[in-house]
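Trainee: Have a peek at data_9.tsv (TSV, C-alpha atoms and all ligand atoms).
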chain	number	residue	atom	x	y	z
A	1	MET	CA	-41.14	100.06	117.79
A	2	ARG	CA	-38.44	100.78	115.21
A	3	TYR	CA	-34.91	99.43	115.41
A	4	LEU	CA	-31.48	100.54	114.24
A	5	GLY	CA	-30.20	99.10	110.99
A	6	ILE	CA	-26.79	98.26	112.52
A	7	ASP	CA	-25.86	94.66	113.20
A	8	VAL	CA	-24.50	94.13	116.71
A	9	GLY	CA	-26.05	90.72	117.25
A	10	LYS	CA	-29.06	92.19	119.06
A	11	LYS	CA	-31.77	94.61	118.03
A	12	ILE	CA	-31.38	98.19	119.28
A	13	SER	CA	-34.66	100.11	119.62
A	14	ARG	CA	-34.68	103.69	118.28
A	15	ASN	CA	-36.33	104.80	121.50
A	16	GLY	CA	-34.55	103.38	124.50
A	17	LEU	CA	-34.89	104.04	128.19
A	18	GLY	CA	-32.53	106.21	130.23
A	19	THR	CA	-32.29	105.18	133.88
A	20	TRP	CA	-30.34	107.95	135.60
A	21	GLN	CA	-33.61	108.59	137.44
A	22	PHE	CA	-33.53	105.13	139.08
A	23	GLY	CA	-32.43	105.54	142.67
A	24	SER	CA	-30.64	108.86	142.09
A	25	LYS	CA	-31.16	111.37	144.88
A	26	GLU	CA	-30.66	114.33	142.54
A	27	TRP	CA	-33.85	113.52	140.60
A	28	GLY	CA	-35.77	113.45	143.89
A	29	TYR	CA	-38.36	110.84	142.90
A	30	GLY	CA	-37.96	109.06	146.22
A	31	ASP	CA	-38.10	105.45	147.38
A	32	PRO	CA	-41.55	104.49	146.05
A	33	TYR	CA	-40.25	105.35	142.56
A	34	ALA	CA	-36.98	103.46	143.02
A	35	GLU	CA	-38.66	100.43	144.57
A	36	ARG	CA	-41.84	100.11	142.49
A	37	GLU	CA	-42.34	102.58	139.61
A	38	ALA	CA	-38.88	102.00	138.11
A	39	HIS	CA	-39.57	98.26	138.01
A	40	ALA	CA	-42.95	98.84	136.34
A	41	ILE	CA	-41.37	101.22	133.80
A	42	VAL	CA	-38.80	98.60	132.77
A	43	ARG	CA	-41.37	95.80	132.51
A	44	ARG	CA	-43.70	97.96	130.37
A	45	ALA	CA	-40.76	99.05	128.20
A	46	LEU	CA	-40.01	95.38	127.50
A	47	GLU	CA	-43.65	94.70	126.58
A	48	LEU	CA	-43.55	97.60	124.13
A	49	GLY	CA	-40.43	96.35	122.36
A	50	VAL	CA	-37.78	98.60	123.95
A	51	THR	CA	-34.43	96.80	123.82
A	52	LEU	CA	-31.99	99.63	124.63
A	53	PHE	CA	-31.47	100.37	128.34
A	54	ASP	CA	-28.91	102.96	129.41
A	55	THR	CA	-27.42	103.20	132.87
A	56	ALA	CA	-24.08	104.10	134.51
A	57	GLU	CA	-22.08	103.09	137.56
A	58	ILE	CA	-22.38	106.67	138.85
A	59	TYR	CA	-26.22	106.80	138.76
A	60	GLY	CA	-27.28	106.45	142.38
A	61	PHE	CA	-23.74	105.08	142.97
A	62	GLY	CA	-24.64	101.68	141.52
A	63	ARG	CA	-28.30	101.72	142.52
A	64	SER	CA	-29.57	102.37	138.98
A	65	GLU	CA	-27.64	99.35	137.66
A	66	ARG	CA	-29.01	97.17	140.45
A	67	ILE	CA	-32.61	98.32	139.96
A	68	LEU	CA	-32.36	97.86	136.18
A	69	GLY	CA	-30.80	94.41	136.46
A	70	ARG	CA	-33.44	93.23	138.92
A	71	ALA	CA	-36.32	94.62	136.86
A	72	LEU	CA	-35.04	93.01	133.65
A	73	GLY	CA	-34.76	89.64	135.37
A	74	ASP	CA	-34.60	86.77	132.89
A	75	ASP	CA	-34.92	89.23	129.99
A	76	ARG	CA	-31.44	90.61	130.70
A	77	GLU	CA	-29.75	88.53	128.03
A	78	ALA	CA	-32.27	89.41	125.32
A	79	VAL	CA	-31.89	93.20	125.49
A	80	PHE	CA	-29.06	95.61	124.74
A	81	ILE	CA	-27.70	96.98	128.02
A	82	ALA	CA	-25.46	100.02	127.94
A	83	THR	CA	-23.60	101.15	131.03
A	84	LYS	CA	-20.74	103.57	131.67
A	85	ILE	CA	-17.54	103.85	133.59
A	86	PHE	CA	-17.04	107.18	135.35
A	87	PRO	CA	-13.49	107.91	134.28
A	88	VAL	CA	-11.68	108.82	137.48
A	89	VAL	CA	-8.25	107.21	136.92
A	90	PRO	CA	-9.46	105.24	133.87
A	91	VAL	CA	-6.30	103.18	133.48
A	92	ALA	CA	-6.57	99.67	132.05
A	93	PRO	CA	-6.66	97.63	135.32
A	94	VAL	CA	-9.26	99.98	136.83
A	95	VAL	CA	-11.42	99.82	133.69
A	96	GLU	CA	-11.36	96.02	133.85
A	97	GLN	CA	-12.22	95.88	137.53
A	98	ARG	CA	-15.05	98.41	137.21
A	99	ALA	CA	-16.60	96.52	134.30
A	100	VAL	CA	-16.76	93.40	136.44
A	101	ALA	CA	-18.46	95.39	139.23
A	102	SER	CA	-21.05	96.82	136.82
A	103	ALA	CA	-21.77	93.38	135.34
A	104	ASN	CA	-22.27	92.01	138.84
A	105	ARG	CA	-24.70	94.76	139.79
A	106	LEU	CA	-26.64	94.27	136.56
A	107	GLY	CA	-26.51	90.48	136.93
A	108	VAL	CA	-25.18	89.92	133.42
A	109	ARG	CA	-22.26	87.96	131.99
A	110	ARG	CA	-21.66	90.54	129.30
A	111	LEU	CA	-22.07	94.31	128.98
A	112	ASP	CA	-23.48	94.89	125.49
A	113	LEU	CA	-22.11	98.43	125.38
A	114	TYR	CA	-19.49	99.78	127.80
A	115	GLN	CA	-19.11	103.54	127.52
A	116	VAL	CA	-16.60	106.02	128.90
A	117	HIS	CA	-18.94	108.50	130.60
A	118	GLN	CA	-16.93	111.57	129.67
A	119	PRO	CA	-13.47	112.35	128.39
A	120	ASN	CA	-10.87	112.48	131.13
A	121	PRO	CA	-8.96	115.76	130.66
A	122	VAL	CA	-5.67	114.29	131.91
A	123	VAL	CA	-5.64	110.57	131.09
A	124	ARG	CA	-5.70	110.01	127.34
A	125	ASP	CA	-7.67	107.16	125.84
A	126	GLY	CA	-4.76	104.81	125.13
A	127	THR	CA	-4.72	103.16	128.53
A	128	THR	CA	-8.54	103.24	128.85
A	129	MET	CA	-8.91	101.50	125.50
A	130	ARG	CA	-6.30	98.88	126.45
A	131	GLY	CA	-8.65	97.94	129.26
A	132	MET	CA	-11.63	97.96	126.91
A	133	LEU	CA	-9.81	95.72	124.42
A	134	ALA	CA	-8.95	93.24	127.16
A	135	LEU	CA	-12.60	93.20	128.21
A	136	GLN	CA	-13.74	92.58	124.64
A	137	ARG	CA	-11.20	89.75	124.27
A	138	VAL	CA	-12.52	87.91	127.30
A	139	GLY	CA	-16.11	88.54	126.19
A	140	LEU	CA	-17.18	90.68	129.13
A	141	VAL	CA	-17.81	93.64	126.82
A	142	GLY	CA	-19.51	93.51	123.44
A	143	GLU	CA	-19.22	97.00	121.99
A	144	VAL	CA	-17.20	99.95	123.27
A	145	GLY	CA	-18.73	103.42	123.39
A	146	VAL	CA	-17.87	106.92	124.54
A	147	SER	CA	-19.95	109.80	125.84
A	148	ASN	CA	-19.61	113.58	125.66
A	149	TYR	CA	-16.68	113.13	123.28
A	150	SER	CA	-15.76	115.58	120.50
A	151	LEU	CA	-15.40	114.00	117.08
A	152	ASP	CA	-11.60	114.27	117.27
A	153	ARG	CA	-11.48	112.48	120.57
A	154	TRP	CA	-13.97	109.83	119.41
A	155	GLN	CA	-11.72	109.09	116.45
A	156	ALA	CA	-8.64	109.07	118.71
A	157	ALA	CA	-10.41	106.52	120.92
A	158	GLU	CA	-11.06	104.35	117.84
A	159	ALA	CA	-7.40	104.58	116.84
A	160	ALA	CA	-6.39	103.54	120.38
A	161	LEU	CA	-8.85	100.61	120.43
A	162	GLY	CA	-7.87	99.54	116.93
A	163	SER	CA	-11.49	98.99	115.92
A	164	ARG	CA	-14.82	100.75	115.98
A	165	VAL	CA	-16.04	102.61	119.02
A	166	LEU	CA	-19.68	102.02	118.21
A	167	SER	CA	-21.34	105.03	119.77
A	168	ASN	CA	-20.99	108.48	121.23
A	169	GLN	CA	-23.66	109.42	123.78
A	170	VAL	CA	-24.25	113.17	123.61
A	171	ARG	CA	-26.81	115.75	124.64
A	172	TYR	CA	-29.09	116.19	121.65
A	173	SER	CA	-32.47	117.87	121.46
A	174	LEU	CA	-34.24	120.88	119.96
A	175	VAL	CA	-32.33	123.05	122.45
A	176	SER	CA	-28.90	121.33	122.13
A	177	ARG	CA	-27.93	120.86	118.54
A	178	SER	CA	-24.13	120.98	118.53
A	179	PRO	CA	-23.81	117.26	117.54
A	180	GLU	CA	-25.16	118.29	114.13
A	181	ARG	CA	-21.82	119.99	113.37
A	182	ASP	CA	-19.68	116.89	112.99
A	183	VAL	CA	-20.59	114.05	115.37
A	184	LEU	CA	-23.86	113.19	113.61
A	185	PRO	CA	-22.47	113.43	110.05
A	186	PHE	CA	-19.60	111.12	111.10
A	187	ALA	CA	-22.00	108.57	112.56
A	188	ASP	CA	-24.22	108.71	109.47
A	189	ALA	CA	-21.28	108.25	107.10
A	190	HIS	CA	-19.45	105.51	109.02
A	191	GLY	CA	-22.13	103.25	110.46
A	192	ARG	CA	-21.70	104.52	114.01
A	193	VAL	CA	-24.43	105.41	116.50
A	194	VAL	CA	-25.28	108.63	118.30
A	195	ILE	CA	-27.14	108.05	121.54
A	196	ALA	CA	-29.14	111.20	122.24
A	197	TYR	CA	-29.35	111.94	125.95
A	198	SER	CA	-31.66	114.52	127.53
A	199	PRO	CA	-33.75	114.42	124.33
A	200	LEU	CA	-36.56	116.20	126.21
A	201	ALA	CA	-34.11	118.73	127.68
A	202	GLN	CA	-34.85	117.14	131.08
A	203	GLY	CA	-38.58	117.81	130.67
A	204	LEU	CA	-38.38	121.40	129.40
A	205	LEU	CA	-39.71	120.29	125.99
A	206	SER	CA	-42.78	118.69	127.55
A	207	GLY	CA	-44.20	122.21	127.97
A	208	ARG	CA	-45.08	121.34	131.54
A	209	TYR	CA	-42.86	123.98	133.12
A	210	ASN	CA	-42.90	127.76	132.96
A	211	ARG	CA	-41.66	130.83	134.84
A	212	ILE	CA	-44.25	130.34	137.60
A	213	SER	CA	-44.18	126.57	137.79
A	214	ARG	CA	-40.58	125.37	137.82
A	215	PRO	CA	-39.38	121.87	138.68
A	216	GLY	CA	-37.93	121.58	142.14
A	217	ASN	CA	-35.34	118.82	142.03
A	218	ARG	CA	-31.57	119.28	142.21
A	219	VAL	CA	-30.85	118.25	138.61
A	220	ARG	CA	-33.03	120.95	137.18
A	221	ALA	CA	-32.29	123.58	139.86
A	222	THR	CA	-28.71	123.56	138.59
A	223	ASN	CA	-29.62	123.44	134.88
A	224	PRO	CA	-29.64	126.98	133.41
A	225	LEU	CA	-32.36	125.96	130.94
A	226	PHE	CA	-34.81	126.07	133.85
A	227	LEU	CA	-33.99	129.66	134.81
A	228	PRO	CA	-37.21	131.71	134.78
A	229	ASP	CA	-35.85	133.84	131.91
A	230	ASN	CA	-35.04	130.79	129.83
A	231	LEU	CA	-38.41	129.19	130.48
A	232	GLU	CA	-39.94	132.39	129.16
A	233	ARG	CA	-37.62	132.41	126.14
A	234	ALA	CA	-38.70	128.83	125.38
A	235	ASP	CA	-42.38	129.87	125.06
A	236	ASP	CA	-42.19	130.23	121.27
A	237	LEU	CA	-40.58	126.80	120.85
A	238	ILE	CA	-43.15	125.18	123.15
A	239	MET	CA	-45.95	126.85	121.21
A	240	VAL	CA	-44.67	125.40	117.92
A	241	LEU	CA	-44.30	121.98	119.57
A	242	ARG	CA	-47.92	122.23	120.74
A	243	GLU	CA	-49.17	123.16	117.26
A	244	VAL	CA	-47.39	120.22	115.66
A	245	ALA	CA	-48.52	117.96	118.49
A	246	ASP	CA	-52.17	118.94	117.97
A	247	ALA	CA	-51.95	117.93	114.31
A	248	HIS	CA	-50.82	114.43	115.37
A	249	ALA	CA	-53.07	114.10	118.43
A	250	ALA	CA	-49.78	113.83	120.30
A	251	THR	CA	-47.98	115.69	123.09
A	252	PRO	CA	-45.14	118.24	122.80
A	253	ALA	CA	-42.78	115.70	124.39
A	254	GLN	CA	-43.63	113.15	121.70
A	255	ILE	CA	-42.97	115.68	118.95
A	256	ALA	CA	-39.64	116.62	120.56
A	257	LEU	CA	-38.64	112.93	120.46
A	258	ALA	CA	-39.93	112.47	116.90
A	259	TRP	CA	-37.74	115.45	115.88
A	260	VAL	CA	-34.63	113.82	117.39
A	261	LEU	CA	-35.16	110.69	115.28
A	262	HIS	CA	-36.43	112.43	112.13
A	263	ARG	CA	-34.30	111.43	109.11
A	264	ARG	CA	-31.41	110.48	111.38
A	265	PRO	CA	-30.97	106.74	110.91
A	266	ALA	CA	-27.88	106.68	113.16
A	267	VAL	CA	-29.63	108.24	116.18
A	268	VAL	CA	-31.32	106.53	119.10
A	269	ALA	CA	-32.94	108.47	121.94
A	270	ILE	CA	-32.89	107.46	125.60
A	271	PRO	CA	-35.48	109.59	127.42
A	272	GLY	CA	-35.87	109.05	131.13
A	273	ALA	CA	-39.37	108.66	132.56
A	274	SER	CA	-40.93	109.48	135.91
A	275	SER	CA	-43.95	107.24	135.29
A	276	VAL	CA	-45.14	104.29	133.22
A	277	GLU	CA	-47.44	106.64	131.33
A	278	GLN	CA	-44.50	108.82	130.23
A	279	LEU	CA	-42.62	105.73	129.10
A	280	GLU	CA	-45.60	104.62	127.04
A	281	THR	CA	-45.97	107.95	125.26
A	282	ASN	CA	-42.23	108.19	124.69
A	283	VAL	CA	-42.16	104.77	123.05
A	284	ALA	CA	-45.14	105.70	120.86
A	285	ALA	CA	-43.26	108.78	119.63
A	286	ALA	CA	-40.96	106.56	117.53
A	287	GLU	CA	-43.92	105.99	115.18
A	288	ILE	CA	-44.67	109.68	114.53
A	289	GLU	CA	-43.70	110.90	111.04
A	290	LEU	CA	-43.20	114.65	110.82
A	291	THR	CA	-44.03	116.41	107.56
A	292	GLU	CA	-41.38	118.59	105.94
A	293	ASP	CA	-43.32	121.75	106.92
A	294	GLU	CA	-43.55	120.60	110.52
A	295	TYR	CA	-39.88	119.76	110.60
A	296	GLN	CA	-38.96	123.18	109.21
A	297	ALA	CA	-41.24	124.95	111.69
A	298	LEU	CA	-39.50	123.11	114.56
A	299	GLN	CA	-36.05	123.90	113.16
A	300	GLY	CA	-37.02	127.58	112.92
A	301	ALA	CA	-38.31	127.72	116.49
A	302	SER	CA	-35.17	125.92	117.68
A	303	ASP	CA	-32.96	128.45	115.82
A	304	ARG	CA	-34.82	131.34	117.46
A	305	PHE	CA	-34.28	129.99	121.00
A	306	HIS	CA	-31.34	131.76	122.61
A	307	PRO	CA	-31.13	130.82	126.30
A	308	VAL	CA	-29.09	132.68	128.86
A	309	ALA	CA	-26.02	130.47	129.21
A	310	GLY	CA	-22.41	130.39	130.35
A	311	PRO	CA	-21.07	132.79	133.00
A	312	THR	CA	-24.17	135.06	132.72
A	313	ALA	CA	-26.36	132.18	133.88
A	314	LEU	CA	-24.42	131.47	137.09
A	315	PRO	CA	-25.51	134.42	139.28
A	316	ARG	CA	-29.07	133.97	138.05
A	317	LEU	CA	-28.99	130.30	139.03
A	318	VAL	CA	-27.89	131.26	142.53
A	319	ARG	CA	-30.60	133.92	142.76
A	320	ALA	CA	-33.27	131.53	141.42
A	321	GLN	CA	-32.22	128.88	143.91
A	322	PHE	CA	-32.48	131.16	146.90
A	323	GLY	CA	-35.53	133.01	145.62
A	324	ARG	CA	-33.79	136.36	145.31
A	401	LIG	N1	-23.94	110.54	129.17
A	401	LIG	C1	-24.28	111.55	129.91
A	401	LIG	O1	-23.46	112.40	130.32
A	401	LIG	C2	-25.74	111.70	130.28
A	401	LIG	C3	-26.21	112.90	130.85
A	401	LIG	C4	-27.58	112.99	131.12
A	401	LIG	C5	-28.42	111.91	130.88
A	401	LIG	N2	-27.93	110.75	130.36
A	401	LIG	C6	-28.82	109.59	130.07
A	401	LIG	O2	-29.91	110.03	129.28
A	401	LIG	C7	-31.15	109.72	129.94
A	401	LIG	C8	-32.17	110.79	129.62
A	401	LIG	O3	-31.70	112.10	129.89
A	401	LIG	P1	-32.28	113.01	131.07
A	401	LIG	O4	-32.90	112.14	132.08
A	401	LIG	O5	-31.19	113.94	131.46
A	401	LIG	O6	-33.37	113.93	130.34
A	401	LIG	P2	-34.70	113.69	129.48
A	401	LIG	O7	-34.83	112.29	129.07
A	401	LIG	O8	-34.69	114.75	128.46
A	401	LIG	O9	-35.83	114.08	130.56
A	401	LIG	C9	-36.35	113.14	131.45
A	401	LIG	C10	-37.43	113.79	132.29
A	401	LIG	O10	-38.41	114.41	131.45
A	401	LIG	C11	-39.72	114.21	131.97
A	401	LIG	N3	-40.47	113.41	130.97
A	401	LIG	C12	-40.09	112.23	130.41
A	401	LIG	N4	-41.03	111.79	129.53
A	401	LIG	C13	-42.00	112.71	129.55
A	401	LIG	C14	-43.25	112.80	128.87
A	401	LIG	N5	-43.65	111.88	127.99
A	401	LIG	N6	-44.04	113.88	129.12
A	401	LIG	C15	-43.65	114.83	130.01
A	401	LIG	N7	-42.49	114.79	130.68
A	401	LIG	C16	-41.67	113.74	130.45
A	401	LIG	C17	-39.55	113.47	133.30
A	401	LIG	O11	-39.42	114.43	134.36
A	401	LIG	P3	-40.70	115.03	135.19
A	401	LIG	O12	-41.85	114.12	135.00
A	401	LIG	O13	-40.20	115.08	136.59
A	401	LIG	O14	-40.90	116.40	134.60
A	401	LIG	C18	-38.21	112.78	133.11
A	401	LIG	O15	-37.56	112.49	134.31
A	401	LIG	C19	-30.77	109.59	131.42
A	401	LIG	O16	-31.70	108.80	132.14
A	401	LIG	C20	-29.42	108.93	131.32
A	401	LIG	O17	-29.58	107.53	131.09
A	401	LIG	C21	-26.60	110.64	130.05
Take the structure I supplied and represent it as structure tokens, if you would.

Mentor:
Amino acid sequence: MRYLGIDVGKKISRNGLGTWQFGSKEWGYGDPYAEREAHAIVRRALELGVTLFDTAEIYGFGRSERILGRALGDDREAVFIATKIFPVVPVAPVVEQRAVASANRLGVRRLDLYQVHQPNPVVRDGTTMRGMLALQRVGLVGEVGVSNYSLDRWQAAEAALGSRVLSNQVRYSLVSRSPERDVLPFADAHGRVVIAYSPLAQGLLSGRYNRISRPGNRVRATNPLFLPDNLERADDLIMVLREVADAHAATPAQIALAWVLHRRPAVVAIPGASSVEQLETNVAAAEIELTEDEYQALQGASDRFHPVAGPTALPRLVRAQFGR
């Protein structure tokens, strides 16, 4: 496993584990997954050197935090746990109270990274960050982070906190590259961290799905990337991923993860996993070194991918959902 070069008192693995899947109905993995597989995934991740675990109070309405905390057991203090507040009324007293609730569910005395899940369009960050600062002062929170923030708003959050907001968790993959505009350059230049979520585009980049065989769960039924037309448009990208994967005796998913980390020292990826086997291959992807030619071929295929998106996608999503 490789680790970030940033000093936060604990090592942060470049490939972490996302745990939205744990106990969340929308992923549809059911009780056997929540009660057994999730536990096994966490234990195997620890054995393989994963230290970054991402969760949120909203995942399974607290269930993900509980499952993660239980599975980590006595290893809780040794790893870097990141959770998030869902910012409905994120005023200082609420932020403080919600952090305590998350820490209780996780069974920890300190949240290593406490992130604002998304920018609140009405409440600015001043009052939220007052709560964060109070939490840091009493030692309940180590580092403060944000998620889905523009660069401007990330910097405004830092100004409000009066010190660094360590990380911005954003969607980043071969099919979602907007962080390259300014969020990634800022992180690179200023010793901040970009936490790449959905680095496999929720499984699209595994090459497992196509027009005929689409995933059934609610998360992906409402994600335009999984529209039949978009799955077809992704064929070229998946083909290039397969070619590069063959050269490394790897899988397309591993190459997609290797691409996220390639020459980006400030980036960590937090893929979710539906099985221990997926977790194992995802962890192994941190060791894959892409050649310049391979990297360029992937960039090219990514540039050529133009999915149906925005308002055009909506009626198609409805049609796809009801089979019409
Ligand atoms: N901050 C935010 O707003 C936000 C939003 C989304 C996610 N997140 C975080 O980011 C984490 C990851 O994002 P995500 O879950 O949306 O998407 P992801 O990591 O891109 O995709 C995860 C899914 O891909 C499939 N997969 C994983 N490893 C695979 C492998 N090696 N081979 C083939 N398929 C594989 C699995 O689904 P199947 O096996 O069912 O195909 C798995 O559930 C989440 O768990 C969560 O912690 C944060």

Trainee: Around ligand LIG 401 (chain A), out to 6 Å and counting all atoms listed in the file, which residues are there? I want them as an MDAnalysis selection string.

Mentor: chainID A and resid 18:21 54:55 117 147 169 197:203 206 253 270:274 278 281:282

Trainee: Hey, can you spit out that residue selection with C-alpha atoms as a PDB file, in the frame of the given file?

Mentor:
ATOM      1  CA  GLY A  18     -32.530 106.210 130.230  1.00  0.00           C
ATOM      2  CA  THR A  19     -32.290 105.180 133.880  1.00  0.00           C
ATOM      3  CA  TRP A  20     -30.340 107.950 135.600  1.00  0.00           C
ATOM      4  CA  GLN A  21     -33.610 108.590 137.440  1.00  0.00           C
ATOM      5  CA  ASP A  54     -28.910 102.960 129.410  1.00  0.00           C
ATOM      6  CA  THR A  55     -27.420 103.200 132.870  1.00  0.00           C
ATOM      7  CA  HIS A 117     -18.940 108.500 130.600  1.00  0.00           C
ATOM      8  CA  SER A 147     -19.950 109.800 125.840  1.00  0.00           C
ATOM      9  CA  GLN A 169     -23.660 109.420 123.780  1.00  0.00           C
ATOM     10  CA  TYR A 197     -29.350 111.940 125.950  1.00  0.00           C
ATOM     11  CA  SER A 198     -31.660 114.520 127.530  1.00  0.00           C
ATOM     12  CA  PRO A 199     -33.750 114.420 124.330  1.00  0.00           C
ATOM     13  CA  LEU A 200     -36.560 116.200 126.210  1.00  0.00           C
ATOM     14  CA  ALA A 201     -34.110 118.730 127.680  1.00  0.00           C
ATOM     15  CA  GLN A 202     -34.850 117.140 131.080  1.00  0.00           C
ATOM     16  CA  GLY A 203     -38.580 117.810 130.670  1.00  0.00           C
ATOM     17  CA  SER A 206     -42.780 118.690 127.550  1.00  0.00           C
ATOM     18  CA  ALA A 253     -42.780 115.700 124.390  1.00  0.00           C
ATOM     19  CA  ILE A 270     -32.890 107.460 125.600  1.00  0.00           C
ATOM     20  CA  PRO A 271     -35.480 109.590 127.420  1.00  0.00           C
ATOM     21  CA  GLY A 272     -35.870 109.050 131.130  1.00  0.00           C
ATOM     22  CA  ALA A 273     -39.370 108.660 132.560  1.00  0.00           C
ATOM     23  CA  SER A 274     -40.930 109.480 135.910  1.00  0.00           C
ATOM     24  CA  GLN A 278     -44.500 108.820 130.230  1.00  0.00           C
ATOM     25  CA  THR A 281     -45.970 107.950 125.260  1.00  0.00           C
ATOM     26  CA  ASN A 282     -42.230 108.190 124.690  1.00  0.00           C
TER      27      ASN A 282
END

Trainee: Have a look at A:Val89, A:Ala82, A:Val244, A:Ala286 and name the one nearest to Val267 in chain A; count only C-alpha atoms.

Mentor: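 For Val267 in chain A, the nearest of the candidates is A:Ala286.
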
Trainee: Could you give me, as a PDB file with C-alpha atoms, keeping the file's coordinate frame, the residues within 12 Å of Leu52 in chain A, counting all atoms listed in the file and dropping anything in the same chain fewer than 3 positions from it?

Mentor:
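Output (part-v1.pdb):
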ATOM      1  CA  MET A   1     -41.140 100.060 117.790  1.00  0.00           C
ATOM      2  CA  ARG A   2     -38.440 100.780 115.210  1.00  0.00           C
ATOM      3  CA  TYR A   3     -34.910  99.430 115.410  1.00  0.00           C
ATOM      4  CA  LEU A   4     -31.480 100.540 114.240  1.00  0.00           C
ATOM      5  CA  LYS A  10     -29.060  92.190 119.060  1.00  0.00           C
ATOM      6  CA  LYS A  11     -31.770  94.610 118.030  1.00  0.00           C
ATOM      7  CA  ILE A  12     -31.380  98.190 119.280  1.00  0.00           C
ATOM      8  CA  SER A  13     -34.660 100.110 119.620  1.00  0.00           C
ATOM      9  CA  ARG A  14     -34.680 103.690 118.280  1.00  0.00           C
ATOM     10  CA  ASN A  15     -36.330 104.800 121.500  1.00  0.00           C
ATOM     11  CA  GLY A  16     -34.550 103.380 124.500  1.00  0.00           C
ATOM     12  CA  LEU A  17     -34.890 104.040 128.190  1.00  0.00           C
ATOM     13  CA  GLY A  18     -32.530 106.210 130.230  1.00  0.00           C
ATOM     14  CA  THR A  19     -32.290 105.180 133.880  1.00  0.00           C
ATOM     15  CA  VAL A  42     -38.800  98.600 132.770  1.00  0.00           C
ATOM     16  CA  ALA A  45     -40.760  99.050 128.200  1.00  0.00           C
ATOM     17  CA  LEU A  46     -40.010  95.380 127.500  1.00  0.00           C
ATOM     18  CA  LEU A  48     -43.550  97.600 124.130  1.00  0.00           C
ATOM     19  CA  GLY A  49     -40.430  96.350 122.360  1.00  0.00           C
ATOM     20  CA  THR A  55     -27.420 103.200 132.870  1.00  0.00           C
ATOM     21  CA  LEU A  68     -32.360  97.860 136.180  1.00  0.00           C
ATOM     22  CA  LEU A  72     -35.040  93.010 133.650  1.00  0.00           C
ATOM     23  CA  ARG A  76     -31.440  90.610 130.700  1.00  0.00           C
ATOM     24  CA  GLU A  77     -29.750  88.530 128.030  1.00  0.00           C
ATOM     25  CA  ALA A  78     -32.270  89.410 125.320  1.00  0.00           C
ATOM     26  CA  VAL A  79     -31.890  93.200 125.490  1.00  0.00           C
ATOM     27  CA  PHE A  80     -29.060  95.610 124.740  1.00  0.00           C
ATOM     28  CA  ILE A  81     -27.700  96.980 128.020  1.00  0.00           C
ATOM     29  CA  ALA A  82     -25.460 100.020 127.940  1.00  0.00           C
ATOM     30  CA  THR A  83     -23.600 101.150 131.030  1.00  0.00           C
ATOM     31  CA  ASP A 112     -23.480  94.890 125.490  1.00  0.00           C
ATOM     32  CA  LEU A 113     -22.110  98.430 125.380  1.00  0.00           C
ATOM     33  CA  ILE A 195     -27.140 108.050 121.540  1.00  0.00           C
ATOM     34  CA  VAL A 268     -31.320 106.530 119.100  1.00  0.00           C
ATOM     35  CA  ALA A 269     -32.940 108.470 121.940  1.00  0.00           C
ATOM     36  CA  ILE A 270     -32.890 107.460 125.600  1.00  0.00           C
ATOM     37  CA  PRO A 271     -35.480 109.590 127.420  1.00  0.00           C
ATOM     38  CA  VAL A 283     -42.160 104.770 123.050  1.00  0.00           C
TER      39      VAL A 283
END

Trainee: Using all atoms listed in the file, find the one residue out of A:Asn168, A:Gln254, A:Asn210, A:Asn223 that sits nearest to Ala285 in chain A.

Mentor: A:Gln254

Trainee: Any idea what's packed within 7 Å of range 123-133 of chain A, counting all atoms listed in the file, ignoring anything in its chain fewer than 2 positions away? Could you give it as a short mmCIF file (atom, residue, chain, number, x, y, z; two decimals) with C-alpha atoms, in the frame of the given file?

Mentor:
data_model
loop_
_atom_site.label_atom_id
_atom_site.label_comp_id
_atom_site.auth_asym_id
_atom_site.auth_seq_id
_atom_site.Cartn_x
_atom_site.Cartn_y
_atom_site.Cartn_z
CA PRO A 90 -9.46 105.24 133.87
CA VAL A 91 -6.30 103.18 133.48
CA ALA A 92 -6.57 99.67 132.05
CA PRO A 93 -6.66 97.63 135.32
CA VAL A 95 -11.42 99.82 133.69
CA GLU A 96 -11.36 96.02 133.85
CA ASN A 120 -10.87 112.48 131.13
CA PRO A 121 -8.96 115.76 130.66
CA LEU A 135 -12.60 93.20 128.21
CA GLN A 136 -13.74 92.58 124.64
CA ARG A 137 -11.20 89.75 124.27
CA VAL A 144 -17.20 99.95 123.27
CA ALA A 157 -10.41 106.52 120.92
CA ALA A 160 -6.39 103.54 120.38
CA LEU A 161 -8.85 100.61 120.43
#

Trainee: For Glu243 in chain A, which residue among A:Val318, A:Leu298, A:Leu204, A:Val165 is the nearest when counting only C-alpha atoms?

Mentor: A:Leu298

Trainee: Which is closer to Arg208 in chain A than all the others in A:Ile238, A:Glu280, A:Glu180, A:Leu225, using only C-alpha atoms?

Mentor: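 So, comparing all the options, the nearest one is A:Ile238.
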
Trainee: Mind pulling up the distance from CA of Gly107 in chain A to CA of Asp75 in chain A?

Mentor: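 Atom-to-atom, CA of Asp75 in chain A to CA of Gly107 in chain A, that is 11.0 Å.
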
Trainee: For Val170 in chain A, which residue among A:Met239, A:Leu106, A:Val183, A:Ala301 is the nearest when counting all atoms listed in the file?

Mentor: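 Checking each of A:Met239, A:Leu106, A:Val183, A:Ala301 against Val170 in chain A, counting all atoms listed in the file, the winner is A:Val183.
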
Trainee: What does the distance between CA of Ala101 in chain A and CA of Gly9 in chain A come to in Å, to one decimal place?

Mentor: 23.7 Å

Trainee: Which one of A:Val219, A:Leu184, A:Leu317, A:Ala256 sits closest to Trp27 in chain A if you count only C-alpha atoms?

Mentor: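 Selected residue with least distance to Trp27 in chain A: A:Val219.
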